[in-house]
Amino acid sequence: MCSSDLATFPEHERDARISGIPALGSGRVFPLQSADIRCRAFEVPDDWPVIGGMDFGWDHPFAAVKLAWDRDGDAVYVTQCYRTRRETPATHASALRKWGDTLPWAWPHDGLATEKGSGRQLKTAYAQEGLAMLPDHATHPSGGFSVEPGIMEMLGRMTTARLKVFEHLG
């Protein structure tokens, strides 16, 4: 492929075109290289707010992140991540409690659903396992909880270097 042809592709697709390295796959949302959002890990200052966020899942993976916010630079850092499938709230909570006993946990609107079989709200199941769940599900500052505004917020932060992921995370 000549360089003029290569220029017709978005930057995040060029490695795939040059070397055959896949750039997009199942579930890929953001048109960026991982190198664009990675940064070296550092000790998070004590005065930065931190929060955990989780997305419930069984067949699709359960996922969680720990975020730290640099208010002065309005930058958010992903400092921890966890992802697995077909595990129980007890298993997830056991892993996530290591991130901090008092870490507040945000959870999605779909957390209003109940566990199959037990009838417990998923939020309640995690609280009973010792996680400090926020009282209400996550919403956008303008209200609502649809996925698209969150994705656009994240993309805007990524493209302006205000959302970074510690480079050692998978």
# chains A, B, ... in the order shown; residues from 1 in each chain; ligands from 1

$ select_by_dssp --residues "stretch 26-127 of chain A" --states "alpha helix (DSSP H)" --output "ChimeraX atom specification"
/A:89-96,122-127

$ write_last_selection --atoms "all heavy atoms" --output "CSV table (one decimal), in the first residue's frame"
chain,number,residue,atom,x,y,z
A,89,PRO,N,-21.8,-11.8,42.5
A,89,PRO,CA,-21.5,-10.6,43.2
A,89,PRO,C,-20.5,-10.8,44.3
A,89,PRO,O,-19.6,-10.0,44.5
A,89,PRO,CB,-22.9,-10.1,43.8
A,89,PRO,CG,-23.9,-10.6,42.8
A,89,PRO,CD,-23.3,-12.0,42.4
A,90,ALA,N,-20.5,-11.9,45.0
A,90,ALA,CA,-19.5,-12.2,46.1
A,90,ALA,C,-18.1,-12.3,45.5
A,90,ALA,O,-17.2,-11.7,46.1
A,90,ALA,CB,-19.9,-13.5,46.8
A,91,THR,N,-18.0,-12.9,44.4
A,91,THR,CA,-16.7,-13.0,43.7
A,91,THR,C,-16.2,-11.6,43.3
A,91,THR,O,-15.0,-11.2,43.6
A,91,THR,CB,-16.7,-13.9,42.5
A,91,THR,OG1,-17.1,-15.2,43.0
A,91,THR,CG2,-15.4,-14.0,41.8
A,92,HIS,N,-17.0,-10.8,42.7
A,92,HIS,CA,-16.7,-9.5,42.2
A,92,HIS,C,-16.3,-8.6,43.4
A,92,HIS,O,-15.3,-7.9,43.4
A,92,HIS,CB,-17.8,-8.8,41.4
A,92,HIS,CG,-18.2,-9.6,40.2
A,92,HIS,ND1,-17.4,-10.0,39.3
A,92,HIS,CD2,-19.5,-9.9,39.8
A,92,HIS,CE1,-18.0,-10.6,38.3
A,92,HIS,NE2,-19.3,-10.6,38.6
A,93,ALA,N,-17.1,-8.6,44.4
A,93,ALA,CA,-16.9,-7.8,45.6
A,93,ALA,C,-15.6,-8.1,46.3
A,93,ALA,O,-14.9,-7.3,46.8
A,93,ALA,CB,-18.1,-7.9,46.5
A,94,SER,N,-15.3,-9.4,46.4
A,94,SER,CA,-14.0,-9.8,47.0
A,94,SER,C,-12.8,-9.2,46.3
A,94,SER,O,-11.9,-8.7,47.0
A,94,SER,CB,-13.9,-11.4,47.0
A,94,SER,OG,-12.7,-11.8,47.5
A,95,ALA,N,-12.9,-9.1,45.0
A,95,ALA,CA,-11.8,-8.5,44.2
A,95,ALA,C,-11.8,-7.0,44.4
A,95,ALA,O,-10.7,-6.4,44.5
A,95,ALA,CB,-11.9,-8.9,42.8
A,96,LEU,N,-13.0,-6.4,44.4
A,96,LEU,CA,-13.1,-4.9,44.3
A,96,LEU,C,-12.9,-4.3,45.7
A,96,LEU,O,-12.4,-3.1,45.8
A,96,LEU,CB,-14.4,-4.5,43.7
A,96,LEU,CG,-14.7,-5.0,42.3
A,96,LEU,CD1,-16.1,-4.6,41.8
A,96,LEU,CD2,-13.6,-4.4,41.4
A,122,LEU,N,-29.6,-6.0,42.2
A,122,LEU,CA,-28.2,-6.2,42.0
A,122,LEU,C,-27.4,-5.2,42.9
A,122,LEU,O,-26.4,-5.6,43.5
A,122,LEU,CB,-27.8,-6.1,40.6
A,122,LEU,CG,-28.2,-7.3,39.8
A,122,LEU,CD1,-27.9,-7.1,38.3
A,122,LEU,CD2,-27.4,-8.6,40.2
A,123,LYS,N,-27.8,-4.0,43.0
A,123,LYS,CA,-27.2,-3.0,43.8
A,123,LYS,C,-27.1,-3.5,45.3
A,123,LYS,O,-26.1,-3.4,45.9
A,123,LYS,CB,-27.9,-1.6,43.7
A,123,LYS,CG,-27.4,-0.6,44.7
A,123,LYS,CD,-28.5,0.3,45.2
A,123,LYS,CE,-28.0,1.1,46.4
A,123,LYS,NZ,-29.0,1.5,47.3
A,124,THR,N,-28.2,-4.0,45.7
A,124,THR,CA,-28.3,-4.5,47.1
A,124,THR,C,-27.4,-5.7,47.3
A,124,THR,O,-26.7,-5.8,48.3
A,124,THR,CB,-29.8,-4.9,47.4
A,124,THR,OG1,-30.6,-3.7,47.2
A,124,THR,CG2,-29.9,-5.4,48.8
A,125,ALA,N,-27.3,-6.6,46.3
A,125,ALA,CA,-26.4,-7.7,46.4
A,125,ALA,C,-25.0,-7.3,46.6
A,125,ALA,O,-24.2,-7.8,47.5
A,125,ALA,CB,-26.5,-8.6,45.2
A,126,TYR,N,-24.5,-6.2,45.9
A,126,TYR,CA,-23.1,-5.8,46.1
A,126,TYR,C,-23.0,-5.0,47.4
A,126,TYR,O,-21.9,-5.2,48.0
A,126,TYR,CB,-22.7,-4.9,44.9
A,126,TYR,CG,-22.5,-5.8,43.6
A,126,TYR,CD1,-23.5,-6.0,42.7
A,126,TYR,CD2,-21.3,-6.3,43.4
A,126,TYR,CE1,-23.3,-6.8,41.7
A,126,TYR,CE2,-21.0,-7.2,42.3
A,126,TYR,CZ,-22.1,-7.4,41.5
A,126,TYR,OH,-21.9,-8.2,40.4
A,127,ALA,N,-24.0,-4.3,47.8
A,127,ALA,CA,-23.9,-3.6,49.1
A,127,ALA,C,-23.8,-4.7,50.3
A,127,ALA,O,-23.0,-4.5,51.2
A,127,ALA,CB,-25.1,-2.7,49.3

$ residues_around --residues "stretch 156-170 of chain A" --least-positions-apart "6" --cutoff "6 Å" --atoms "only C-alpha atoms" --output "JSON, numbers by chain"
{"A": [37, 38, 39, 40, 41, 75, 76, 77, 78, 79]}

$ write_last_selection --atoms "C-alpha atoms" --output "PDB file, in the first residue's frame"
ATOM      1  CA  ILE A  37      -4.883   7.369  26.108  1.00  0.00           C
ATOM      2  CA  ARG A  38      -2.202   5.501  28.076  1.00  0.00           C
ATOM      3  CA  CYS A  39      -0.023   7.128  30.699  1.00  0.00           C
ATOM      4  CA  ARG A  40       2.468   5.993  33.295  1.00  0.00           C
ATOM      5  CA  ALA A  41       0.960   5.066  36.628  1.00  0.00           C
ATOM      6  CA  ALA A  75      -8.565  15.074  33.770  1.00  0.00           C
ATOM      7  CA  VAL A  76      -9.868  11.636  34.741  1.00  0.00           C
ATOM      8  CA  TYR A  77      -7.494   8.697  35.198  1.00  0.00           C
ATOM      9  CA  VAL A  78      -8.424   5.014  35.107  1.00  0.00           C
ATOM     10  CA  THR A  79      -6.197   3.606  37.843  1.00  0.00           C
TER      11      THR A  79
END

$ closest_residue --among "A:Met54, A:Leu67, A:Ile151, A:Met133" --to "A:Asp101" --atoms "only C-alpha atoms"
A:Met133

$ select_by_dssp --residues "stretch 96-158 of chain A" --states "strand (DSSP E)" --output "list in words"
Pro104, Trp105, Ala106, Ala132 and Met133 of chain A

$ atom_distance --atom1 "atom CA of A:Arg97" --atom2 "atom CA of A:Lys66"
11.3 Å

$ closest_residue --among "A:Gln121, A:Val44, A:Gln128, A:Glu148" --to "A:Val29" --atoms "only C-alpha atoms"
A:Glu148

$ residues_around --residues "A:Ala138" --least-positions-apart "3" --cutoff "8 Å" --atoms "only C-alpha atoms" --output "ChimeraX atom specification"
/A:106-109,145

$ atom_distance --atom1 "atom CA of A:Thr84" --atom2 "atom CA of A:Asp59"
9.6 Å

$ atom_distance --atom1 "atom CA of A:Pro45" --atom2 "atom CA of A:Gly73"
13.2 Å

$ closest_residue --among "A:Pro49, A:Met152, A:Val65, A:Val147" --to "A:Asp110" --atoms "only C-alpha atoms"
A:Val147
